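Pasted below: run.cif, mmCIF, C-alpha atoms.
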data_my_file
loop_
_atom_site.label_atom_id
_atom_site.label_comp_id
_atom_site.auth_asym_id
_atom_site.auth_seq_id
_atom_site.Cartn_x
_atom_site.Cartn_y
_atom_site.Cartn_z
CA MET O 1 74.54 76.98 -87.73
CA ASN O 2 72.39 79.69 -86.39
CA GLU O 3 74.46 82.83 -86.71
CA PRO O 4 72.92 86.25 -87.12
CA HIS O 5 73.40 87.17 -90.73
CA ASP O 6 76.09 89.79 -90.43
CA ARG O 7 78.33 88.42 -87.74
CA ILE O 8 80.58 85.46 -87.11
CA GLU O 9 81.36 84.26 -83.62
CA ARG O 10 83.72 81.52 -82.56
CA GLU O 11 84.55 80.40 -79.05
CA THR O 12 87.29 77.97 -78.13
CA VAL O 13 88.98 76.75 -74.96
CA LEU O 14 92.77 76.61 -75.19
CA ARG O 15 94.80 74.57 -72.73
CA ALA O 16 97.24 77.36 -72.06
CA PRO O 17 97.46 80.21 -69.54
CA ARG O 18 95.79 83.46 -70.49
CA SER O 19 99.08 85.37 -70.56
CA ARG O 20 100.38 82.93 -73.18
CA VAL O 21 97.30 83.32 -75.41
CA TRP O 22 97.39 87.09 -74.94
CA LYS O 23 100.97 87.19 -76.18
CA MET O 24 99.88 85.37 -79.35
CA ILE O 25 97.52 88.25 -80.04
CA VAL O 26 99.25 91.37 -78.81
CA ASP O 27 102.75 90.59 -80.09
CA PRO O 28 102.85 91.37 -83.83
CA ALA O 29 105.32 88.57 -84.59
CA GLN O 30 103.23 85.95 -82.79
CA PHE O 31 99.96 87.34 -84.16
CA GLY O 32 101.50 86.77 -87.58
CA LEU O 33 102.26 83.12 -86.85
CA TRP O 34 98.65 82.02 -86.76
CA LEU O 35 97.04 84.75 -88.85
CA ASN O 36 99.64 84.43 -91.62
CA VAL O 37 101.04 87.94 -91.75
CA ARG O 38 104.45 89.56 -91.24
CA PHE O 39 104.64 93.05 -89.71
CA PRO O 40 107.73 95.26 -89.87
CA PHE O 41 107.27 96.52 -86.30
CA THR O 42 107.17 95.02 -82.80
CA THR O 43 104.21 96.56 -80.97
CA PHE O 44 100.55 97.32 -81.60
CA SER O 45 98.90 100.46 -80.25
CA PRO O 46 95.31 101.76 -80.43
CA GLY O 47 94.64 103.76 -83.59
CA GLN O 48 97.67 102.35 -85.36
CA VAL O 49 97.31 101.58 -89.05
CA ALA O 50 99.10 98.23 -89.03
CA VAL O 51 100.36 97.24 -92.47
CA GLY O 52 102.09 93.95 -93.16
CA GLU O 53 102.59 91.28 -95.79
CA CYS O 54 100.44 88.18 -96.00
CA THR O 55 102.48 85.03 -95.59
CA ALA O 56 99.93 82.39 -96.60
CA PRO O 57 101.33 80.85 -99.79
CA GLN O 58 98.22 81.57 -101.84
CA PHE O 59 98.22 85.25 -100.79
CA ALA O 60 101.98 85.74 -100.69
CA ASP O 61 102.14 89.12 -102.40
CA LEU O 62 99.16 90.67 -100.70
CA ARG O 63 99.15 93.52 -98.23
CA TRP O 64 97.54 93.15 -94.83
CA GLU O 65 96.11 96.35 -93.43
CA MET O 66 94.16 96.82 -90.25
CA ILE O 67 93.40 99.63 -87.83
CA VAL O 68 94.08 98.63 -84.25
CA ASP O 69 91.09 99.53 -82.11
CA ARG O 70 91.12 98.73 -78.38
CA ILE O 71 93.78 96.95 -76.36
CA GLU O 72 92.93 95.94 -72.78
CA PRO O 73 95.74 93.77 -71.44
CA GLU O 74 94.90 90.06 -71.25
CA HIS O 75 91.25 90.78 -71.84
CA HIS O 76 90.37 92.47 -75.12
CA PHE O 77 91.99 93.21 -78.48
CA SER O 78 90.13 94.50 -81.50
CA TYR O 79 90.80 95.84 -84.97
CA PHE O 80 89.00 97.03 -88.06
CA TRP O 81 89.76 95.82 -91.56
CA HIS O 82 88.37 94.99 -94.95
CA PRO O 83 87.71 91.28 -94.61
CA PHE O 84 89.90 89.34 -96.99
CA ALA O 85 90.50 92.07 -99.47
CA VAL O 86 92.32 89.63 -101.70
CA ASP O 87 91.49 90.91 -105.17
CA LYS O 88 94.10 93.48 -106.15
CA SER O 89 91.98 94.86 -108.97
CA ILE O 90 89.41 96.09 -106.46
CA ASP O 91 89.65 99.31 -104.47
CA TYR O 92 88.20 98.40 -101.08
CA SER O 93 88.78 101.78 -99.46
CA GLY O 94 85.21 103.00 -99.93
CA GLU O 95 83.70 99.93 -98.30
CA GLU O 96 82.73 99.53 -94.71
CA LYS O 97 85.18 97.63 -92.53
CA THR O 98 84.36 94.77 -90.24
CA ARG O 99 85.49 94.72 -86.64
CA VAL O 100 87.34 91.73 -85.25
CA THR O 101 87.33 91.31 -81.49
CA PHE O 102 89.28 88.82 -79.41
CA THR O 103 88.10 88.37 -75.82
CA LEU O 104 90.00 86.27 -73.30
CA GLU O 105 88.73 84.67 -70.13
CA GLU O 106 90.74 82.72 -67.60
CA LEU O 107 89.50 79.20 -66.79
CA GLU O 108 90.45 76.37 -64.44
CA GLY O 109 92.47 78.52 -62.09
CA GLY O 110 94.67 79.77 -64.89
CA ASN O 111 95.40 76.49 -66.70
CA ALA O 112 93.10 77.22 -69.61
CA THR O 113 91.73 80.19 -71.53
CA ARG O 114 88.48 80.78 -73.28
CA LEU O 115 89.04 82.79 -76.45
CA THR O 116 86.08 84.33 -78.23
CA VAL O 117 86.47 85.77 -81.72
CA VAL O 118 83.75 87.95 -83.15
CA GLU O 119 83.83 89.48 -86.60
CA SER O 120 80.93 91.81 -87.11
CA GLY O 121 79.58 94.46 -89.42
CA PHE O 122 79.14 92.69 -92.75
CA SER O 123 76.81 95.35 -93.97
CA LYS O 124 76.55 99.02 -94.58
CA VAL O 125 73.75 99.51 -92.11
CA PRO O 126 74.59 101.69 -89.12
CA LEU O 127 75.26 99.33 -86.25
CA GLY O 128 72.79 101.04 -83.93
CA ARG O 129 69.88 100.48 -86.24
CA ARG O 130 70.93 96.91 -86.92
CA ALA O 131 71.16 96.17 -83.21
CA LYS O 132 67.67 97.53 -82.77
CA ALA O 133 66.32 95.43 -85.60
CA TYR O 134 67.75 92.34 -83.94
CA GLU O 135 66.34 93.29 -80.59
CA MET O 136 62.87 93.52 -82.07
CA ASN O 137 63.22 90.42 -84.13
CA GLY O 138 66.11 88.32 -82.95
CA LYS O 139 65.85 85.67 -85.58
CA GLY O 140 68.43 86.72 -88.14
CA TRP O 141 69.64 83.78 -90.16
CA ALA O 142 66.97 81.45 -88.87
CA ILE O 143 64.42 83.42 -90.91
CA VAL O 144 66.67 83.67 -93.92
CA VAL O 145 67.59 80.01 -93.88
CA GLY O 146 63.96 79.07 -93.39
CA ALA O 147 63.07 81.23 -96.37
CA ILE O 148 65.76 79.65 -98.53
CA GLU O 149 64.71 76.13 -97.64
CA ALA O 150 61.05 76.81 -98.15
CA SER O 151 61.53 78.46 -101.52
CA VAL O 152 63.98 75.83 -102.75
CA HIS O 153 61.49 73.10 -101.92
CA ALA O 154 58.45 75.00 -103.14
CA MET I 1 90.60 79.10 -100.58
CA SER I 2 93.28 76.95 -102.06
CA THR I 3 94.09 79.11 -105.07
CA PRO I 4 94.23 82.88 -105.60
CA SER I 5 91.38 82.75 -108.08
CA ALA I 6 89.23 80.87 -105.59
CA GLY I 7 90.13 83.52 -103.01
CA ALA I 8 89.21 86.30 -105.40
CA ALA I 9 85.92 84.67 -106.32
CA TRP I 10 85.17 84.29 -102.66
CA ALA I 11 86.06 87.92 -101.91
CA LEU I 12 83.72 88.93 -104.69
CA GLY I 13 80.98 86.93 -102.98
CA VAL I 14 81.57 88.86 -99.77
CA ARG I 15 81.49 92.21 -101.57
CA ARG I 16 78.40 91.39 -103.57
CA SER I 17 76.68 90.34 -100.40
CA ALA I 18 77.04 93.66 -98.60
CA PRO I 19 73.80 95.04 -100.09
CA VAL I 20 72.09 91.77 -99.14
CA PHE I 21 73.13 92.13 -95.50
CA ALA I 22 72.10 95.78 -95.59
CA ALA I 23 68.70 94.99 -97.09
CA LEU I 24 68.09 92.37 -94.41
CA GLY I 25 69.14 94.66 -91.57
CA ASP I 26 65.61 95.91 -91.09
CA GLU I 27 62.83 94.21 -89.23
CA THR I 28 60.11 94.95 -91.77
CA ARG I 29 62.16 93.62 -94.66
CA LEU I 30 63.19 90.54 -92.72
CA THR I 31 59.50 89.91 -92.07
CA LEU I 32 58.67 90.33 -95.76
CA VAL I 33 61.41 87.84 -96.66
CA ALA I 34 60.01 85.42 -94.12
CA ARG I 35 56.49 85.73 -95.58
CA LEU I 36 57.71 85.25 -99.13
CA GLY I 37 59.81 82.36 -97.87
CA ALA I 38 56.73 80.16 -97.88
CA GLY I 39 57.40 79.95 -101.61
CA GLU I 40 54.15 81.50 -102.74
CA ARG I 41 53.89 84.59 -104.93
CA LEU I 42 52.14 87.33 -103.02
CA SER I 43 50.68 90.63 -104.13
CA THR I 44 51.54 93.97 -102.58
CA THR I 45 48.04 93.91 -101.08
CA ASN I 46 48.64 90.49 -99.48
CA LEU I 47 51.93 91.66 -98.07
CA THR I 48 50.46 94.85 -96.64
CA GLU I 49 47.71 92.95 -94.81
CA GLY I 50 48.50 92.33 -91.18
CA THR I 51 51.12 95.07 -91.03
CA ALA I 52 50.77 98.52 -89.53
CA LEU I 53 52.29 99.97 -92.69
CA THR I 54 50.82 101.68 -95.71
CA ARG I 55 50.88 99.99 -99.05
CA GLN I 56 53.33 102.65 -100.20
CA ALA I 57 55.73 101.89 -97.36
CA VAL I 58 55.56 98.16 -98.04
CA THR I 59 56.24 98.80 -101.74
CA LYS I 60 59.28 100.85 -100.77
CA HIS I 61 60.70 98.02 -98.66
CA LEU I 62 60.01 95.50 -101.42
CA THR I 63 61.83 97.74 -103.87
CA VAL I 64 64.87 97.76 -101.58
CA LEU I 65 64.77 93.96 -101.47
CA GLN I 66 64.45 93.88 -105.24
CA GLY I 67 67.43 96.21 -105.56
CA ALA I 68 69.50 93.75 -103.54
CA GLY I 69 68.36 90.92 -105.81
CA LEU I 70 66.35 89.20 -103.09
CA VAL I 71 62.90 89.36 -104.62
CA ARG I 72 61.42 89.48 -108.13
CA SER I 73 58.25 91.22 -109.15
CA SER I 74 55.73 90.61 -111.89
CA ARG I 75 52.59 92.44 -112.93
CA ALA I 76 49.20 90.78 -112.97
CA GLY I 77 46.62 93.32 -114.09
CA ARG I 78 46.75 96.16 -111.60
CA GLU I 79 48.55 94.17 -108.98
CA THR I 80 52.26 93.63 -108.55
CA HIS I 81 53.22 90.15 -107.38
CA TRP I 82 56.38 89.35 -105.49
CA GLU I 83 58.42 86.21 -105.04
CA LEU I 84 61.65 85.36 -103.32
CA ASP I 85 64.80 84.87 -105.37
CA PRO I 86 66.95 82.75 -103.06
CA LYS I 87 70.13 82.89 -105.13
CA ARG I 88 71.58 85.97 -103.42
CA LEU I 89 70.59 84.73 -100.00
CA VAL I 90 72.46 81.52 -100.64
CA GLU I 91 75.47 83.44 -101.92
CA ALA I 92 75.51 85.75 -98.88
CA ARG I 93 75.28 82.78 -96.57
CA LYS I 94 78.16 81.06 -98.37
CA ALA I 95 80.34 84.17 -98.10
CA LEU I 96 79.87 84.28 -94.33
CA ASP I 97 80.43 80.54 -94.04
CA SER I 98 83.75 80.79 -95.85
CA ILE I 99 84.97 83.57 -93.55
CA ALA I 100 83.90 81.42 -90.62
CA ARG I 101 85.98 78.54 -92.02
CA HIS I 102 88.98 80.87 -92.21
CA TRP I 103 88.58 81.60 -88.51
CA ASP I 104 88.30 77.90 -87.71
CA ALA I 105 91.59 77.26 -89.51
CA ALA I 106 93.31 80.20 -87.79
CA LEU I 107 92.12 79.01 -84.37
CA ASP I 108 93.47 75.52 -85.13
CA ARG I 109 96.86 77.06 -85.89
CA LEU I 110 96.70 79.04 -82.66
CA ARG I 111 95.85 75.90 -80.69
CA ASN I 112 98.84 74.08 -82.17
CA LEU I 113 101.09 76.94 -81.17
CA VAL I 114 99.96 77.43 -77.58
CA GLU I 115 99.16 73.87 -76.51
CA ARG I 116 102.41 72.23 -77.48
#
Target encoding C-alpha coordinates, full file:
Amino acid sequence: MNEPHDRIERETVLRAPRSRVWKMIVDPAQFGLWLNVRFPFTTFSPGQVAVGECTAPQFADLRWEMIVDRIEPEHHFSYFWHPFAVDKSIDYSGEEKTRVTFTLEELEGGNATRLTVVESGFSKVPLGRRAKAYEMNGKGWAIVVGAIEASVHA
Amino acid sequence: MSTPSAGAAWALGVRRSAPVFAALGDETRLTLVARLGAGERLSTTNLTEGTALTRQAVTKHLTVLQGAGLVRSSRAGRETHWELDPKRLVEARKALDSIARHWDAALDRLRNLVER
(Lines of atoms letter the chains of each structure in order from A and count residues from 1; the text may use other names and numbers.)
(Lines give C-alpha, C1' and ligand atoms only; values in the text may rest on other atoms or scores of the structure.)
Protein backbone atom coordinates (compact mmCIF):
# COMPACT_ATOMS: atom_id res chain seq x y z
CA MET A 1 0.00 0.00 0.00
CA ASN A 2 1.22 3.41 -0.82
CA GLU A 3 -1.18 5.75 0.91
CA PRO A 4 -0.18 9.20 2.07
CA HIS A 5 0.18 8.97 5.80
CA ASP A 6 -2.89 10.84 6.92
CA ARG A 7 -5.51 9.75 4.45
CA ILE A 8 -7.32 6.62 3.38
CA GLU A 9 -8.79 6.25 -0.07
CA ARG A 10 -10.86 3.41 -1.44
CA GLU A 11 -12.41 3.12 -4.88
CA THR A 12 -14.84 0.44 -5.95
CA VAL A 13 -17.10 -0.25 -8.91
CA LEU A 14 -20.60 -1.36 -7.97
CA ARG A 15 -22.85 -3.09 -10.48
CA ALA A 16 -25.81 -0.88 -9.70
CA PRO A 17 -27.17 2.39 -11.08
CA ARG A 18 -25.88 5.57 -9.51
CA SER A 19 -29.30 6.54 -8.15
CA ARG A 20 -29.42 3.25 -6.24
CA VAL A 21 -25.97 3.75 -4.69
CA TRP A 22 -26.80 7.37 -3.89
CA LYS A 23 -29.88 6.27 -1.98
CA MET A 24 -27.70 3.98 0.15
CA ILE A 25 -25.75 7.05 1.22
CA VAL A 26 -28.25 9.87 1.44
CA ASP A 27 -31.09 7.96 3.09
CA PRO A 28 -30.31 7.66 6.82
CA ALA A 29 -31.98 4.25 7.13
CA GLN A 30 -30.04 2.79 4.20
CA PHE A 31 -26.81 4.50 5.23
CA GLY A 32 -27.25 2.68 8.53
CA LEU A 33 -27.56 -0.71 6.85
CA TRP A 34 -23.97 -0.84 5.67
CA LEU A 35 -22.34 1.52 8.15
CA ASN A 36 -24.01 -0.14 11.14
CA VAL A 37 -25.89 2.76 12.67
CA ARG A 38 -29.54 3.59 13.42
CA PHE A 39 -30.71 7.20 13.16
CA PRO A 40 -33.97 8.48 14.66
CA PHE A 41 -34.70 10.73 11.66
CA THR A 42 -35.30 10.29 7.93
CA THR A 43 -33.24 12.94 6.12
CA PHE A 44 -29.72 14.36 6.19
CA SER A 45 -29.04 18.04 5.61
CA PRO A 46 -25.81 20.07 5.45
CA GLY A 47 -24.66 21.24 8.88
CA GLN A 48 -26.82 18.73 10.69
CA VAL A 49 -25.36 17.10 13.78
CA ALA A 50 -26.50 13.55 13.06
CA VAL A 51 -26.61 11.40 16.18
CA GLY A 52 -27.51 7.73 16.11
CA GLU A 53 -26.83 4.41 17.79
CA CYS A 54 -24.22 1.98 16.55
CA THR A 55 -25.74 -1.33 15.59
CA ALA A 56 -22.61 -3.46 15.15
CA PRO A 57 -22.82 -6.09 17.90
CA GLN A 58 -19.44 -5.22 19.39
CA PHE A 59 -20.34 -1.51 19.59
CA ALA A 60 -24.02 -1.93 20.43
CA ASP A 61 -24.27 0.72 23.12
CA LEU A 62 -22.16 3.35 21.44
CA ARG A 63 -23.29 6.67 20.06
CA TRP A 64 -22.61 7.63 16.47
CA GLU A 65 -22.17 11.33 15.90
CA MET A 66 -21.25 13.10 12.71
CA ILE A 67 -21.65 16.55 11.22
CA VAL A 68 -23.09 16.42 7.73
CA ASP A 69 -20.98 18.56 5.43
CA ARG A 70 -21.88 18.81 1.72
CA ILE A 71 -24.64 17.05 -0.17
CA GLU A 72 -24.64 17.28 -3.98
CA PRO A 73 -27.30 14.94 -5.34
CA GLU A 74 -25.93 11.74 -6.87
CA HIS A 75 -22.43 13.13 -6.84
CA HIS A 76 -21.00 14.03 -3.45
CA PHE A 77 -21.75 13.43 0.23
CA SER A 78 -19.39 14.26 3.05
CA TYR A 79 -19.32 14.41 6.83
CA PHE A 80 -16.98 15.12 9.70
CA TRP A 81 -16.56 12.87 12.70
CA HIS A 82 -14.19 11.52 15.28
CA PRO A 83 -13.04 8.31 13.64
CA PHE A 84 -14.15 5.33 15.67
CA ALA A 85 -14.51 7.06 18.97
CA VAL A 86 -15.23 3.74 20.62
CA ASP A 87 -13.72 4.21 24.07
CA LYS A 88 -16.36 5.71 26.34
CA SER A 89 -13.83 6.75 28.95
CA ILE A 90 -12.27 9.19 26.49
CA ASP A 91 -13.57 12.68 25.73
CA TYR A 92 -12.95 13.09 22.01
CA SER A 93 -14.50 16.54 21.72
CA GLY A 94 -11.19 18.40 21.80
CA GLU A 95 -9.69 16.34 19.01
CA GLU A 96 -9.67 17.17 15.35
CA LYS A 97 -12.26 15.40 13.23
CA THR A 98 -11.61 13.55 10.03
CA ARG A 99 -13.65 14.20 6.92
CA VAL A 100 -15.27 11.34 5.06
CA THR A 101 -16.20 11.96 1.44
CA PHE A 102 -18.21 9.74 -0.88
CA THR A 103 -17.97 10.56 -4.58
CA LEU A 104 -20.10 8.83 -7.19
CA GLU A 105 -19.48 8.50 -10.90
CA GLU A 106 -21.74 6.87 -13.45
CA LEU A 107 -20.19 4.12 -15.58
CA GLU A 108 -21.25 1.88 -18.47
CA GLY A 109 -24.16 4.03 -19.53
CA GLY A 110 -25.70 3.91 -16.09
CA ASN A 111 -25.36 0.19 -15.32
CA ALA A 112 -22.52 0.64 -12.87
CA THR A 113 -21.20 3.23 -10.42
CA ARG A 114 -17.74 4.08 -9.28
CA LEU A 115 -17.76 4.96 -5.60
CA THR A 116 -14.73 6.63 -4.07
CA VAL A 117 -14.40 6.94 -0.30
CA VAL A 118 -11.80 9.24 1.16
CA GLU A 119 -11.20 9.72 4.87
CA SER A 120 -8.71 12.45 5.48
CA GLY A 121 -7.25 14.63 8.20
CA PHE A 122 -5.64 12.19 10.61
CA SER A 123 -3.55 14.90 12.12
CA LYS A 124 -3.75 18.22 13.81
CA VAL A 125 -1.84 20.01 11.10
CA PRO A 126 -3.80 22.65 9.21
CA LEU A 127 -4.81 21.06 5.93
CA GLY A 128 -3.38 23.88 3.82
CA ARG A 129 0.10 23.43 5.19
CA ARG A 130 -0.13 19.67 4.89
CA ALA A 131 -1.21 19.92 1.26
CA LYS A 132 1.75 22.15 0.58
CA ALA A 133 4.13 19.75 2.25
CA TYR A 134 2.85 16.97 0.02
CA GLU A 135 3.13 19.10 -3.06
CA MET A 136 6.78 19.75 -2.33
CA ASN A 137 7.53 16.22 -1.36
CA GLY A 138 4.81 13.88 -2.53
CA LYS A 139 6.21 10.77 -0.99
CA GLY A 140 4.28 10.44 2.24
CA TRP A 141 4.16 6.86 3.41
CA ALA A 142 6.74 5.68 0.93
CA ILE A 143 9.38 7.58 2.92
CA VAL A 144 8.01 6.46 6.24
CA VAL A 145 7.74 2.84 5.22
CA GLY A 146 11.20 2.96 3.73
CA ALA A 147 12.49 4.39 6.99
CA ILE A 148 10.78 1.69 9.04
CA GLU A 149 12.13 -1.10 6.87
CA ALA A 150 15.62 0.28 6.80
CA SER A 151 15.80 0.79 10.54
CA VAL A 152 14.24 -2.59 11.35
CA HIS A 153 16.83 -4.31 9.19
CA ALA A 154 19.73 -2.13 10.30
CA MET B 1 -12.14 -5.36 15.86
CA SER B 2 -13.93 -8.40 17.09
CA THR B 3 -14.24 -7.39 20.74
CA PRO B 4 -14.86 -4.06 22.46
CA SER B 5 -11.47 -4.17 24.13
CA ALA B 6 -9.79 -4.72 20.77
CA GLY B 7 -11.77 -1.77 19.43
CA ALA B 8 -10.73 0.39 22.34
CA ALA B 9 -7.09 -0.58 21.98
CA TRP B 10 -7.29 0.23 18.33
CA ALA B 11 -8.95 3.60 18.98
CA LEU B 12 -6.15 4.36 21.40
CA GLY B 13 -3.67 3.62 18.61
CA VAL B 14 -5.42 6.14 16.38
CA ARG B 15 -5.42 8.79 19.10
CA ARG B 16 -1.82 8.24 20.06
CA SER B 17 -0.86 8.52 16.43
CA ALA B 18 -2.24 12.01 15.91
CA PRO B 19 1.01 13.68 17.06
CA VAL B 20 2.92 11.30 14.79
CA PHE B 21 0.89 12.36 11.75
CA ALA B 22 1.28 15.99 12.78
CA ALA B 23 5.04 15.67 13.22
CA LEU B 24 5.34 14.10 9.78
CA GLY B 25 3.20 16.75 8.10
CA ASP B 26 6.21 18.89 7.33
CA GLU B 27 8.63 18.47 4.49
CA THR B 28 11.77 19.13 6.53
CA ARG B 29 10.83 16.62 9.19
CA LEU B 30 9.84 14.03 6.62
CA THR B 31 13.27 14.50 5.06
CA LEU B 32 14.98 14.10 8.44
CA VAL B 33 13.04 10.88 9.04
CA ALA B 34 14.08 9.64 5.62
CA ARG B 35 17.76 10.38 6.34
CA LEU B 36 17.65 8.69 9.72
CA GLY B 37 15.80 5.83 8.06
CA ALA B 38 19.09 4.51 6.74
CA GLY B 39 19.49 3.15 10.26
CA GLU B 40 22.62 5.07 11.13
CA ARG B 41 22.94 7.42 14.09
CA LEU B 42 23.62 10.92 12.84
CA SER B 43 24.76 14.04 14.63
CA THR B 44 22.97 17.38 14.44
CA THR B 45 25.90 18.56 12.31
CA ASN B 46 25.47 15.65 9.86
CA LEU B 47 21.77 16.34 9.61
CA THR B 48 22.25 20.05 9.01
CA GLU B 49 24.68 19.43 6.14
CA GLY B 50 23.06 19.64 2.75
CA THR B 51 20.08 21.61 4.02
CA ALA B 52 19.43 25.31 3.68
CA LEU B 53 18.60 25.45 7.38
CA THR B 54 20.52 26.59 10.41
CA ARG B 55 21.64 24.09 12.97
CA GLN B 56 19.18 25.67 15.39
CA ALA B 57 16.27 25.16 13.01
CA VAL B 58 17.23 21.53 12.41
CA THR B 59 17.48 20.97 16.18
CA LYS B 60 13.99 22.41 16.56
CA HIS B 61 12.55 20.00 14.00
CA LEU B 62 14.37 17.07 15.60
CA THR B 63 12.93 18.07 18.96
CA VAL B 64 9.42 17.97 17.47
CA LEU B 65 10.12 14.48 16.13
CA GLN B 66 11.46 13.46 19.53
CA GLY B 67 8.32 14.84 21.18
CA ALA B 68 6.23 12.58 18.95
CA GLY B 69 8.39 9.61 19.91
CA LEU B 70 9.85 9.22 16.43
CA VAL B 71 13.51 9.79 17.19
CA ARG B 72 15.84 9.31 20.17
CA SER B 73 18.82 11.42 21.02
CA SER B 74 22.06 10.72 22.84
CA ARG B 75 25.01 12.90 23.74
CA ALA B 76 28.51 12.16 22.55
CA GLY B 77 30.84 14.84 23.87
CA ARG B 78 29.57 18.13 22.50
CA GLU B 79 27.49 16.55 19.80
CA THR B 80 23.95 15.27 20.00
CA HIS B 81 23.31 12.11 18.00
CA TRP B 82 19.94 11.11 16.65
CA GLU B 83 18.40 7.82 15.65
CA LEU B 84 15.02 6.71 14.45
CA ASP B 85 12.65 4.94 16.83
CA PRO B 86 10.36 3.07 14.45
CA LYS B 87 7.86 1.88 17.07
CA ARG B 88 5.52 4.86 16.78
CA LEU B 89 5.75 4.87 13.01
CA VAL B 90 4.68 1.25 12.96
CA GLU B 91 1.85 1.97 15.38
CA ALA B 92 0.61 4.94 13.31
CA ARG B 93 0.70 2.84 10.19
CA LYS B 94 -1.26 0.06 11.88
CA ALA B 95 -3.92 2.51 13.08
CA LEU B 96 -4.51 3.74 9.53
CA ASP B 97 -4.49 0.20 8.19
CA SER B 98 -7.19 -0.86 10.62
CA ILE B 99 -9.43 2.06 9.64
CA ALA B 100 -8.84 1.11 6.02
CA ARG B 101 -9.96 -2.45 6.82
CA HIS B 102 -13.14 -1.06 8.35
CA TRP B 103 -13.88 0.72 5.08
CA ASP B 104 -13.21 -2.45 3.10
CA ALA B 105 -15.75 -4.33 5.24
CA ALA B 106 -18.33 -1.53 4.94
CA LEU B 107 -17.93 -1.44 1.15
CA ASP B 108 -18.41 -5.22 1.01
CA ARG B 109 -21.69 -4.81 2.91
CA LEU B 110 -22.74 -2.05 0.52
CA ARG B 111 -21.93 -4.24 -2.48
CA ASN B 112 -24.06 -7.05 -1.08
CA LEU B 113 -26.95 -4.66 -0.62
CA VAL B 114 -26.92 -2.96 -4.03
CA GLU B 115 -25.86 -5.80 -6.31
CA ARG B 116 -28.40 -8.37 -5.27
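Among the candidates O:Gly32, O:Gly47, O:Gly121, O:Pro73, the one nearest to O:Glu96 when counting only C-alpha atoms is O:Gly121.
Matched in the shown structure by the PyMOL selection byres ((chain O and resi 13-18) around 6): O:Thr12, O:Ser19, O:Arg20, O:Val21, O:Trp22, O:Glu106, O:Gly110, O:Asn111, O:Ala112, O:Thr113, O:Arg114, I:Glu115.
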Using only C-alpha atoms, please write the residues we just selected to a file, as an mmCIF file, in the frame of the given file.
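What follows is the written file selection_23.cif:
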data_model
loop_
_atom_site.group_PDB
_atom_site.id
_atom_site.type_symbol
_atom_site.label_atom_id
_atom_site.label_comp_id
_atom_site.auth_asym_id
_atom_site.auth_seq_id
_atom_site.Cartn_x
_atom_site.Cartn_y
_atom_site.Cartn_z
ATOM 1 C CA THR O 12 87.290 77.970 -78.130
ATOM 2 C CA SER O 19 99.080 85.370 -70.560
ATOM 3 C CA ARG O 20 100.380 82.930 -73.180
ATOM 4 C CA VAL O 21 97.300 83.320 -75.410
ATOM 5 C CA TRP O 22 97.390 87.090 -74.940
ATOM 6 C CA GLU O 106 90.740 82.720 -67.600
ATOM 7 C CA GLY O 110 94.670 79.770 -64.890
ATOM 8 C CA ASN O 111 95.400 76.490 -66.700
ATOM 9 C CA ALA O 112 93.100 77.220 -69.610
ATOM 10 C CA THR O 113 91.730 80.190 -71.530
ATOM 11 C CA ARG O 114 88.480 80.780 -73.280
ATOM 12 C CA GLU I 115 99.160 73.870 -76.510
#
Write out as number ranges by chain each polymer residue whose atoms come within 8 Å of stretch 100-105 of chain I, counting only C-alpha atoms; drop sequence neighbours fewer than 2 positions from it.
O: 8-10; I: 96-98, 107-109
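Considering the residues I:Arg93, I:Thr48, I:Arg41, I:Arg88 and counting all atoms listed in the file, I:His61 has its shortest atom-to-atom contact with I:Thr48.
Pairwise distance (atom CA of I:Glu83, atom CA of I:Gly25) equals 19.2 Å.
Residue nearest chain I, chosen from O:Glu119, O:Glu105, O:Glu65, O:Glu74 and counting all atoms listed in the file: O:Glu119.
Once O:Ala29 and its same-chain neighbours fewer than 5 positions away are set aside, Lys23, Met24, Trp34, Asn36, Val37, Arg38, Phe39, Pro40, Phe41, Thr42 and Thr43 of chain O remain within 10 Å of it when counting only C-alpha atoms.
Taking atom CA of O:Glu53 as the reference point, atom CA of I:Asn112 is found at 22.3 Å.
Candidate residues I:Gln66, I:Thr31, I:Gln56, I:Thr80 were compared for distance to chain O, and the nearest is I:Thr31, using only C-alpha atoms.
Reported to one decimal place, the separation of atom CA of O:Ile71 from atom CA of O:Ser45 is 7.3 Å.
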Could you tell me which residues the PyMOL selection byres ((chain I and resi 36) around 9) returns for this structure, as a PyMOL selection string?
(chain O and resi 147+151) or (chain I and resi 31-35+37-42+47+71+82-84)
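Proximity of O:Gln30, O:Thr55, O:Ser120, O:Gln48 to O:Val100, computed with all atoms listed in the file, is greatest for O:Ser120.
Once the PyMOL selection byres ((chain I and resi 45) around 10) is applied to this file, the selection holds Leu42, Ser43, Thr44, Asn46, Leu47, Thr48, Glu49, Thr54, Arg55, Val58, Thr59, Glu79, Thr80 and His81 of chain I.
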Store the residues of this selection in a file with C-alpha atoms, as a JSON list (two decimals), keeping the file's coordinate frame.
[["chain", "number", "residue", "atom", "x", "y", "z"],
["I", 42, "LEU", "CA", 52.14, 87.33, -103.02],
["I", 43, "SER", "CA", 50.68, 90.63, -104.13],
["I", 44, "THR", "CA", 51.54, 93.97, -102.58],
["I", 46, "ASN", "CA", 48.64, 90.49, -99.48],
["I", 47, "LEU", "CA", 51.93, 91.66, -98.07],
["I", 48, "THR", "CA", 50.46, 94.85, -96.64],
["I", 49, "GLU", "CA", 47.71, 92.95, -94.81],
["I", 54, "THR", "CA", 50.82, 101.68, -95.71],
["I", 55, "ARG", "CA", 50.88, 99.99, -99.05],
["I", 58, "VAL", "CA", 55.56, 98.16, -98.04],
["I", 59, "THR", "CA", 56.24, 98.80, -101.74],
["I", 79, "GLU", "CA", 48.55, 94.17, -108.98],
["I", 80, "THR", "CA", 52.26, 93.63, -108.55],
["I", 81, "HIS", "CA", 53.22, 90.15, -107.38]]
With only C-alpha atoms counted, which protein, DNA or RNA residues have an atom no more than 6 Å from (98.6, 94.4, -93.3) in the file frame? Please answer as number ranges by chain.
O: 50-53, 63-66
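Between chain I and the residues O:Asp27, O:Asp69, O:Glu11, O:Glu108, the shortest atom-to-atom distance, using only C-alpha atoms, involves O:Glu11.
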